[in-house]
file target-v5.csv (CSV, C-alpha atoms)
chain,number,residue,atom,x,y,z
Q,273,MET,CA,67.9,-87.9,149.3
Q,274,LYS,CA,65.7,-88.6,146.3
Q,275,LYS,CA,65.5,-85.9,143.7
Q,276,SER,CA,61.7,-85.7,143.9
Q,277,CYS,CA,61.8,-85.1,147.7
Q,278,PHE,CA,64.4,-82.3,147.2
Q,279,THR,CA,62.3,-80.7,144.5
Q,280,VAL,CA,59.3,-80.7,146.8
Q,281,PHE,CA,61.4,-79.1,149.6
Q,282,LEU,CA,62.4,-76.2,147.4
Q,283,LEU,CA,58.9,-75.7,146.0
Q,284,ILE,CA,57.5,-75.5,149.5
Q,285,PHE,CA,60.1,-72.9,150.5
Q,286,VAL,CA,59.4,-70.8,147.5
Q,287,LEU,CA,55.6,-70.9,148.3
Q,288,ILE,CA,56.4,-69.8,151.9
Q,289,LEU,CA,58.5,-66.9,150.6
Q,290,THR,CA,55.8,-65.8,148.2
Q,291,SER,CA,53.1,-66.0,150.9
Q,292,CYS,CA,55.1,-63.8,153.3
Q,293,GLY,CA,54.5,-60.6,151.4
Q,294,ASN,CA,56.3,-58.9,148.5
Q,295,GLY,CA,59.5,-61.0,148.8
Q,296,MET,CA,61.6,-57.9,149.6
Q,297,LEU,CA,64.6,-58.7,151.8
Q,298,PRO,CA,65.8,-56.4,154.5
Q,299,GLU,CA,69.0,-54.6,153.8
Q,300,ALA,CA,71.7,-54.9,156.4
Q,301,GLU,CA,71.7,-51.2,157.2
Q,302,GLU,CA,68.0,-51.1,157.9
Q,303,MET,CA,68.2,-53.4,161.0
Q,304,GLU,CA,67.9,-51.6,164.3
Q,305,HIS,CA,69.8,-53.1,167.2
Q,306,GLY,CA,70.8,-52.7,170.7
Q,307,GLU,CA,74.2,-52.2,172.2
Q,308,THR,CA,77.2,-54.2,170.8
Q,309,SER,CA,79.3,-56.0,173.4
Q,310,ALA,CA,82.9,-54.9,173.8
Q,311,ASP,CA,83.9,-58.5,173.4
Q,312,THR,CA,82.2,-58.9,170.0
Q,313,PHE,CA,85.5,-58.4,168.0
Q,314,SER,CA,89.1,-59.4,168.6
Q,315,GLN,CA,92.2,-59.6,166.5
Q,316,ILE,CA,95.4,-61.6,166.6
Q,317,GLU,CA,98.3,-60.7,164.2
Q,318,LYS,CA,99.0,-63.8,162.1
Q,319,ASP,CA,102.0,-62.6,160.0
Q,320,GLY,CA,103.2,-59.5,158.3
Q,321,SER,CA,100.1,-59.0,156.1
Q,322,PHE,CA,97.1,-60.8,157.7
Q,323,ILE,CA,95.3,-60.7,161.0
Q,324,THR,CA,93.0,-63.4,162.5
Q,325,ASN,CA,89.7,-61.9,163.4
Q,326,THR,CA,87.2,-63.4,165.9
Q,327,ILE,CA,83.6,-62.1,165.7
Q,328,LEU,CA,80.9,-63.2,168.0
Q,329,PHE,CA,77.3,-63.7,166.7
Q,330,PRO,CA,74.7,-62.6,167.4
Q,331,ALA,CA,76.7,-59.5,167.4
Q,332,TYR,CA,74.0,-57.7,169.3
Q,333,LYS,CA,70.3,-58.0,170.2
Q,334,LEU,CA,67.8,-57.1,167.5
Q,335,ASP,CA,65.2,-54.6,168.6
Q,336,ASN,CA,61.9,-56.3,168.4
Q,337,PRO,CA,59.0,-53.9,169.3
Q,338,GLN,CA,56.5,-55.9,167.2
Q,339,GLY,CA,57.3,-59.1,169.0
Q,340,LEU,CA,58.3,-61.1,165.9
Q,341,GLU,CA,58.8,-64.7,166.7
Q,342,TYR,CA,61.7,-65.1,164.2
Q,343,TYR,CA,63.6,-62.1,165.8
Q,344,ASP,CA,63.1,-63.8,169.2
Q,345,GLN,CA,64.7,-66.9,167.8
Q,346,LEU,CA,67.6,-64.9,166.4
Q,347,ASN,CA,68.1,-63.1,169.7
Q,348,SER,CA,68.1,-66.4,171.6
Q,349,THR,CA,70.6,-68.1,169.3
Q,350,ALA,CA,73.5,-69.6,171.3
Q,351,SER,CA,76.5,-67.4,170.9
Q,352,PHE,CA,79.0,-68.7,168.4
Q,353,LYS,CA,82.3,-67.3,167.0
Q,354,VAL,CA,83.5,-66.7,163.4
Q,355,THR,CA,87.2,-66.9,162.9
Q,356,VAL,CA,88.5,-65.4,159.6
Q,357,ASP,CA,91.8,-63.9,158.3
Q,358,PHE,CA,91.6,-60.5,156.8
Q,359,PRO,CA,94.4,-58.2,155.5
Q,360,LYS,CA,96.2,-56.4,158.3
Q,361,ASN,CA,94.7,-53.0,157.3
Q,362,TRP,CA,91.1,-54.2,157.5
Q,363,THR,CA,89.1,-53.5,160.6
Q,364,ILE,CA,85.6,-54.5,161.9
Q,365,LYS,CA,83.1,-51.8,162.9
Q,366,GLU,CA,79.7,-52.2,164.4
Q,367,SER,CA,78.1,-49.5,162.2
Q,368,LYS,CA,78.7,-47.8,158.9
Q,369,GLN,CA,78.1,-44.4,157.3
Q,370,GLU,CA,75.6,-43.8,154.5
Q,371,GLU,CA,77.0,-46.4,152.1
Q,372,THR,CA,74.6,-48.7,150.4
Q,373,VAL,CA,75.6,-52.4,150.8
Q,374,PRO,CA,74.8,-55.5,148.8
Q,375,ILE,CA,71.4,-56.9,149.6
Q,376,GLY,CA,71.1,-60.1,151.7
Q,377,GLU,CA,68.9,-61.4,154.4
Q,378,LEU,CA,71.6,-61.6,157.1
Q,379,TYR,CA,71.2,-60.4,160.7
Q,380,THR,CA,73.2,-58.4,163.2
Q,381,PRO,CA,75.7,-57.4,160.5
Q,382,VAL,CA,79.0,-55.8,161.3
Q,383,TYR,CA,81.1,-53.9,158.7
Q,384,ILE,CA,84.5,-54.4,157.2
Q,385,TYR,CA,86.6,-51.3,156.5
Q,386,GLU,CA,90.0,-50.7,154.9
Q,387,GLU,CA,90.8,-47.4,156.6
Q,388,GLU,CA,87.8,-45.2,155.7
Q,389,GLU,CA,86.6,-47.3,152.8
Q,390,LEU,CA,83.8,-49.8,153.2
Q,391,VAL,CA,84.9,-53.2,152.0
Q,392,GLY,CA,81.9,-55.3,152.9
Q,393,TYR,CA,79.9,-56.8,155.8
Q,394,ILE,CA,79.3,-60.0,157.6
Q,395,GLY,CA,76.0,-61.2,159.2
Q,396,PHE,CA,74.4,-64.5,160.3
Q,397,ASP,CA,71.1,-66.4,160.1
Q,398,ILE,CA,69.8,-69.7,161.5
Q,399,PHE,CA,68.5,-72.8,159.7
Q,400,GLU,CA,67.2,-76.2,160.4
Q,401,PRO,CA,69.5,-78.8,158.9
Q,402,TYR,CA,68.1,-81.0,156.2
Q,403,THR,CA,68.3,-84.7,157.3
Q,404,GLU,CA,67.2,-86.6,154.2
Q,405,GLU,CA,69.7,-88.3,151.9
Q,406,ILE,CA,71.3,-85.8,149.5
Q,407,GLU,CA,74.5,-85.3,147.6
Q,408,GLN,CA,77.0,-83.1,149.4
Q,409,GLU,CA,77.3,-81.0,146.3
Q,410,GLN,CA,73.6,-80.1,146.6
Q,411,TYR,CA,73.4,-79.7,150.3
Q,412,TYR,CA,74.1,-75.9,150.3
Q,413,GLN,CA,70.8,-75.4,148.3
Q,414,THR,CA,68.9,-76.5,151.4
Q,415,VAL,CA,70.8,-74.1,153.7
Q,416,TYR,CA,70.6,-70.8,151.7
Q,417,PRO,CA,67.2,-70.7,149.9
Q,418,LYS,CA,66.5,-67.2,151.3
Q,419,LEU,CA,69.6,-65.9,149.6
Q,420,ARG,CA,69.4,-68.0,146.4
Q,421,LEU,CA,65.7,-67.5,145.6
Q,422,SER,CA,65.2,-63.8,146.3
Q,423,SER,CA,63.6,-61.7,143.6
Q,424,ILE,CA,66.0,-58.7,144.3
Q,425,ALA,CA,69.3,-60.4,145.2
Q,426,ILE,CA,70.7,-63.7,144.0
Q,427,TRP,CA,73.5,-65.3,146.0
Q,428,ASP,CA,74.4,-68.0,143.4
Q,429,PRO,CA,76.3,-69.7,141.7
Q,430,TYR,CA,78.2,-71.1,144.6
Q,431,THR,CA,81.6,-72.9,144.7
Q,432,ALA,CA,82.6,-75.0,147.7
Q,433,ILE,CA,86.0,-74.2,149.0
Q,434,LYS,CA,86.4,-76.5,152.1
Q,435,THR,CA,84.1,-79.1,153.5
Q,436,THR,CA,83.9,-81.2,156.7
Q,437,ASP,CA,81.4,-83.6,158.1
Q,438,THR,CA,79.3,-80.8,159.6
Q,439,SER,CA,80.3,-77.6,157.8
Q,440,GLU,CA,81.1,-76.1,154.5
Q,441,THR,CA,82.5,-72.8,153.3
Q,442,GLY,CA,82.2,-71.5,149.7
Q,443,LEU,CA,82.6,-68.6,147.4
Q,444,VAL,CA,79.4,-67.1,146.1
Q,445,GLU,CA,78.6,-64.8,143.2
Q,446,ILE,CA,76.1,-62.1,144.1
Q,447,GLU,CA,73.9,-60.1,141.8
Q,448,TYR,CA,71.6,-57.6,143.4
Q,449,MET,CA,69.3,-54.7,142.4
Q,450,ASP,CA,70.4,-51.2,143.2
Q,451,PRO,CA,68.6,-50.5,146.6
Q,452,ASP,CA,68.5,-46.8,145.7
Q,453,GLU,CA,66.6,-47.5,142.5
Q,454,ILE,CA,64.1,-50.2,143.5
Q,455,ASP,CA,61.4,-47.7,144.7
Q,456,GLN,CA,61.8,-45.8,141.4
Q,457,HIS,CA,60.5,-48.7,139.4
Q,458,PRO,CA,57.2,-49.8,140.9
Q,459,GLY,CA,55.8,-52.8,139.1
Q,460,ALA,CA,58.9,-52.9,136.7
Q,461,MET,CA,61.5,-54.8,138.7
Q,462,PRO,CA,63.4,-56.0,135.6
Q,463,SER,CA,64.2,-52.3,134.8
Q,464,VAL,CA,66.1,-51.8,138.1
Q,465,PRO,CA,69.9,-51.6,137.5
Q,466,THR,CA,71.9,-54.4,139.1
Q,467,PHE,CA,75.4,-54.8,140.6
Q,468,LYS,CA,77.6,-57.9,140.7
Q,469,THR,CA,80.1,-58.8,143.4
Q,470,LEU,CA,81.5,-61.7,145.3
Q,471,GLY,CA,81.0,-63.1,148.8
Q,472,ILE,CA,81.5,-66.0,151.2
Q,473,LEU,CA,79.0,-68.4,152.7
Q,474,SER,CA,79.7,-70.8,155.6
Q,475,TYR,CA,77.3,-73.1,157.5
Q,476,ASP,CA,77.6,-75.5,160.4
Q,477,THR,CA,74.9,-78.2,160.9
Q,478,LYS,CA,75.7,-78.8,164.6
Q,479,LEU,CA,75.4,-75.1,165.4
Q,480,LYS,CA,72.4,-74.7,163.1
Q,481,VAL,CA,73.7,-71.3,161.9
Q,482,TYR,CA,75.4,-69.8,158.8
Q,483,ILE,CA,77.2,-66.6,158.0
Q,484,GLY,CA,77.5,-64.6,154.9
Q,485,ILE,CA,80.1,-62.1,153.9
Q,486,ALA,CA,79.3,-59.7,151.0
Q,487,PHE,CA,82.1,-57.6,149.5
Q,488,MET,CA,81.4,-54.2,147.9
Q,489,PRO,CA,81.6,-54.3,144.1
Q,490,ASP,CA,85.1,-53.9,142.6
Q,491,THR,CA,86.9,-54.0,145.9
Q,492,ILE,CA,88.4,-57.5,145.9
Q,493,GLU,CA,89.6,-60.1,143.4
Q,494,ARG,CA,88.3,-63.7,143.2
Q,495,GLU,CA,91.6,-65.2,144.2
Q,496,GLN,CA,91.6,-63.1,147.4
Q,497,VAL,CA,88.1,-64.1,148.3
Q,498,GLU,CA,89.1,-67.8,147.9
Q,499,ALA,CA,92.1,-67.3,150.2
Q,500,ILE,CA,89.9,-65.6,152.8
Q,501,ALA,CA,87.2,-68.4,152.5
Q,502,LYS,CA,89.8,-71.0,153.3
Q,503,THR,CA,90.4,-69.4,156.7
Q,504,VAL,CA,86.7,-69.2,157.8
Q,505,SER,CA,85.6,-71.4,160.7
Q,506,LEU,CA,82.5,-71.4,162.9
Q,507,SER,CA,82.5,-72.7,166.5
Q,508,GLN,CA,80.6,-72.5,169.7
Q,509,ALA,CA,81.6,-69.5,171.8
Q,510,GLU,CA,83.4,-70.4,175.1

call {"tool": "encode", "arguments": {"input": "target-v5.csv", "output": "C-alpha cells"}}
result
Amino acid sequence: MKKSCFTVFLLIFVLILTSCGNGMLPEAEEMEHGETSADTFSQIEKDGSFITNTILFPAYKLDNPQGLEYYDQLNSTASFKVTVDFPKNWTIKESKQEETVPIGELYTPVYIYEEEELVGYIGFDIFEPYTEEIEQEQYYQTVYPKLRLSSIAIWDPYTAIKTTDTSETGLVEIEYMDPDEIDQHPGAMPSVPTFKTLGILSYDTKLKVYIGIAFMPDTIEREQVEAIAKTVSLSQAE
C-alpha cells in the first residue's frame, strides 16, 4: 500500500473515534455478560511446568439491552479458540474480584490467576482486514487502532514474535491511566497517574478477529511474555 493511502486510513479512524464521544474505552470489568459455557476453558498438561490452555471466544454473550449494533456483531462472531501455554499454577476464571485491570477495549474477557493473585486477562475484538498493499511490519497498525490510539491507554510499541500468511502474534508495551483516578481529574487528563505493563496481541485475517492479553504491572518479565507469545494460536472452533 502507498504511504499516503495508509495515512488517510489512520486519519479517518481517528476522526471516527473522536466523533463517537469522549474517547473513553470500556474497562474489562465493566462489561456485563450472560452465562459462560462450561466448555469455554480446557487444559492439557504439556510438561512439568506448563499447561496448554484452550479458550473459546466469544467467551459469553454480551448483555445488550440498548440494542447496540456492534455488540450484536460481537455476539454473532463465529466461535474460535485461542490456544496458549501458561505456567502450570495459572488458572483461567470467568470473573474476578475487585481488582482494577489494565485498560483496553477487549470484549468477553476472562481472567488469569496464579492461585489467588490476578495475573492478567484475555479478551477479543473483531476487525475488517486491510486489503491494500502494505509492508508486513506496518500491518498491525491497521488491526489495532482502537488500542494504539486511545487517549487513556496506549498499547504500543509492538514487537512481532511470530508471523504467518494470515496471522501474527506480538509483544506489546502498555501504558494506561489509573482507572481509579480518571474521574478525579476532570479536564486535566495529563495529571492522571499512569501504569506501565506488558501484553500480547494476536490477529488472524481469515477469522477476522484478534485477541489481547494484558498482564498486571510487575507480575511478569519480558522474557516470559515472549515465551508465552510464541505459543499463541487462533483457529476456528470445531

call {"tool": "closest_atom_pairs", "arguments": {"input": "target-v5.csv", "of": "stretch 384-489 of chain Q", "to": "stretch 347-361 of chain Q", "cutoff": "10 Å", "atoms": "all atoms listed in the file", "output": "Markdown table"}}
result
| residue | atom | partner | partner_atom | distance |
| --- | --- | --- | --- | --- |
| Q:Ile384 | CA | Q:Phe358 | CA | 9.4 |
| Q:Tyr385 | CA | Q:Asn361 | CA | 8.3 |
| Q:Glu386 | CA | Q:Asn361 | CA | 5.8 |
| Q:Glu387 | CA | Q:Asn361 | CA | 6.9 |
| Q:Ile394 | CA | Q:Val354 | CA | 9.8 |
| Q:Phe396 | CA | Q:Val354 | CA | 9.9 |
| Q:Asp397 | CA | Q:Thr349 | CA | 9.4 |
| Q:Ile398 | CA | Q:Thr349 | CA | 8.0 |
| Q:Ser474 | CA | Q:Val354 | CA | 9.6 |
| Q:Leu479 | CA | Q:Phe352 | CA | 7.9 |
| Q:Lys480 | CA | Q:Thr349 | CA | 9.2 |
| Q:Val481 | CA | Q:Thr349 | CA | 8.6 |
| Q:Tyr482 | CA | Q:Val354 | CA | 9.8 |
| Q:Ile483 | CA | Q:Val354 | CA | 8.3 |

call {"tool": "closest_residue", "arguments": {"input": "target-v5.csv", "among": "Q:Pro465, Q:Pro451, Q:Gly320, Q:Pro401", "to": "Q:Glu371", "atoms": "all atoms listed in the file"}}
result
Q:Pro451

call {"tool": "closest_residue", "arguments": {"input": "target-v5.csv", "among": "Q:Ile316, Q:Ile375, Q:Val382, Q:Ile426", "to": "Q:Pro330", "atoms": "all atoms listed in the file"}}
result
Q:Val382

call {"tool": "residues_near_point", "arguments": {"input": "target-v5.csv", "point": "(79.7, -65.1, 148.9)", "cutoff": "9 Å", "atoms": "all atoms listed in the file", "output": "compact mmCIF listing (two decimals) with C-alpha atoms, in the coordinates of the input"}}
result
# COMPACT_ATOMS: atom_id res chain seq x y z
CA TRP Q 427 73.50 -65.30 146.00
CA ASP Q 428 74.40 -68.00 143.40
CA TYR Q 430 78.20 -71.10 144.60
CA GLY Q 442 82.20 -71.50 149.70
CA LEU Q 443 82.60 -68.60 147.40
CA VAL Q 444 79.40 -67.10 146.10
CA GLU Q 445 78.60 -64.80 143.20
CA ILE Q 446 76.10 -62.10 144.10
CA THR Q 469 80.10 -58.80 143.40
CA LEU Q 470 81.50 -61.70 145.30
CA GLY Q 471 81.00 -63.10 148.80
CA ILE Q 472 81.50 -66.00 151.20
CA LEU Q 473 79.00 -68.40 152.70
CA SER Q 474 79.70 -70.80 155.60
CA GLY Q 484 77.50 -64.60 154.90
CA ILE Q 485 80.10 -62.10 153.90
CA ALA Q 486 79.30 -59.70 151.00
CA PHE Q 487 82.10 -57.60 149.50
CA VAL Q 497 88.10 -64.10 148.30
CA ALA Q 501 87.20 -68.40 152.50

call {"tool": "closest_residue", "arguments": {"input": "target-v5.csv", "among": "Q:Pro381, Q:Pro417, Q:Pro489, Q:Gly392", "to": "Q:Thr466", "atoms": "all atoms listed in the file"}}
result
Q:Pro489

call {"tool": "closest_residue", "arguments": {"input": "target-v5.csv", "among": "Q:Ala432, Q:Met461, Q:Ile364, Q:Ala425", "to": "Q:Glu447", "atoms": "all atoms listed in the file"}}
result
Q:Ala425

call {"tool": "closest_residue", "arguments": {"input": "target-v5.csv", "among": "Q:Phe399, Q:Tyr332, Q:Phe322, Q:Tyr379", "to": "Q:Thr363", "atoms": "all atoms listed in the file"}}
result
Q:Phe322

call {"tool": "atom_distance", "arguments": {"input": "target-v5.csv", "atom1": "atom CA of Q:Val373", "atom2": "atom CA of Q:Leu390"}}
result
8.9 Å

call {"tool": "closest_residue", "arguments": {"input": "target-v5.csv", "among": "Q:Asn336, Q:Pro429, Q:Gln496, Q:Glu440", "to": "Q:Lys468", "atoms": "all atoms listed in the file"}}
result
Q:Pro429

call {"tool": "decode", "arguments": {"input": "target-v5.csv", "residues": "stretch 315-337 of chain Q", "atoms": "N, CA, C and O atoms", "output": "short mmCIF file (atom, residue, chain, number, x, y, z; two decimals), in the first residue's frame"}}
result
data_model
loop_
_atom_site.label_atom_id
_atom_site.label_comp_id
_atom_site.auth_asym_id
_atom_site.auth_seq_id
_atom_site.Cartn_x
_atom_site.Cartn_y
_atom_site.Cartn_z
N GLN Q 315 -7.75 -27.49 29.66
CA GLN Q 315 -6.32 -27.51 29.89
C GLN Q 315 -5.76 -28.90 29.61
O GLN Q 315 -6.41 -29.91 29.90
N ILE Q 316 -4.56 -28.93 29.04
CA ILE Q 316 -3.84 -30.17 28.82
C ILE Q 316 -2.42 -29.96 29.33
O ILE Q 316 -1.74 -29.02 28.91
N GLU Q 317 -1.97 -30.83 30.21
CA GLU Q 317 -0.62 -30.69 30.75
C GLU Q 317 0.40 -30.95 29.66
O GLU Q 317 0.36 -31.97 28.97
N LYS Q 318 1.32 -30.00 29.48
CA LYS Q 318 2.31 -30.10 28.41
C LYS Q 318 3.60 -30.74 28.91
O LYS Q 318 4.16 -31.61 28.27
N ASP Q 319 4.10 -30.26 30.02
CA ASP Q 319 5.28 -30.85 30.65
C ASP Q 319 5.21 -30.53 32.13
O ASP Q 319 4.15 -30.19 32.64
N GLY Q 320 6.32 -30.59 32.81
CA GLY Q 320 6.30 -30.41 34.25
C GLY Q 320 5.97 -29.01 34.71
O GLY Q 320 5.54 -28.82 35.85
N SER Q 321 6.12 -27.99 33.85
CA SER Q 321 5.94 -26.61 34.31
C SER Q 321 4.91 -25.80 33.53
O SER Q 321 4.54 -24.71 33.95
N PHE Q 322 4.43 -26.31 32.39
CA PHE Q 322 3.47 -25.56 31.58
C PHE Q 322 2.24 -26.40 31.26
O PHE Q 322 2.30 -27.63 31.19
N ILE Q 323 1.12 -25.69 31.05
CA ILE Q 323 -0.13 -26.31 30.64
C ILE Q 323 -0.64 -25.59 29.40
O ILE Q 323 -0.61 -24.36 29.32
N THR Q 324 -1.09 -26.36 28.41
CA THR Q 324 -1.69 -25.78 27.21
C THR Q 324 -3.17 -25.50 27.50
O THR Q 324 -3.93 -26.41 27.82
N ASN Q 325 -3.54 -24.23 27.40
CA ASN Q 325 -4.91 -23.79 27.66
C ASN Q 325 -5.63 -23.53 26.35
O ASN Q 325 -5.06 -22.93 25.43
N THR Q 326 -6.88 -23.95 26.26
CA THR Q 326 -7.73 -23.63 25.12
C THR Q 326 -8.92 -22.83 25.63
O THR Q 326 -9.63 -23.27 26.54
N ILE Q 327 -9.12 -21.64 25.05
CA ILE Q 327 -10.19 -20.74 25.49
C ILE Q 327 -11.05 -20.41 24.28
O ILE Q 327 -10.53 -19.99 23.24
N LEU Q 328 -12.35 -20.59 24.40
CA LEU Q 328 -13.27 -20.27 23.32
C LEU Q 328 -13.75 -18.83 23.43
O LEU Q 328 -14.07 -18.35 24.51
N PHE Q 329 -13.78 -18.15 22.29
CA PHE Q 329 -14.33 -16.80 22.20
C PHE Q 329 -15.36 -16.75 21.08
O PHE Q 329 -15.22 -17.46 20.09
N PRO Q 330 -16.39 -15.91 21.23
CA PRO Q 330 -16.73 -15.14 22.42
C PRO Q 330 -16.92 -16.06 23.62
O PRO Q 330 -17.53 -17.12 23.50
N ALA Q 331 -16.38 -15.64 24.77
CA ALA Q 331 -16.44 -16.48 25.96
C ALA Q 331 -17.86 -16.54 26.51
O ALA Q 331 -18.21 -17.47 27.23
N TYR Q 332 -18.66 -15.54 26.20
CA TYR Q 332 -20.05 -15.48 26.64
C TYR Q 332 -20.75 -14.42 25.82
O TYR Q 332 -20.11 -13.65 25.08
N LYS Q 333 -22.06 -14.36 25.93
CA LYS Q 333 -22.85 -13.35 25.24
C LYS Q 333 -22.83 -12.05 26.04
O LYS Q 333 -23.04 -12.05 27.25
N LEU Q 334 -22.58 -10.95 25.35
CA LEU Q 334 -22.66 -9.65 26.00
C LEU Q 334 -24.12 -9.24 26.16
O LEU Q 334 -24.91 -9.36 25.21
N ASP Q 335 -24.49 -8.81 27.34
CA ASP Q 335 -25.82 -8.24 27.52
C ASP Q 335 -25.93 -6.98 26.67
O ASP Q 335 -25.02 -6.15 26.67
N ASN Q 336 -27.03 -6.83 25.97
CA ASN Q 336 -27.17 -5.70 25.05
C ASN Q 336 -28.57 -5.11 25.12
O ASN Q 336 -29.32 -5.11 24.13
N PRO Q 337 -28.96 -4.59 26.28
CA PRO Q 337 -30.32 -4.05 26.42
C PRO Q 337 -30.59 -2.84 25.54
O PRO Q 337 -31.74 -2.55 25.21
#
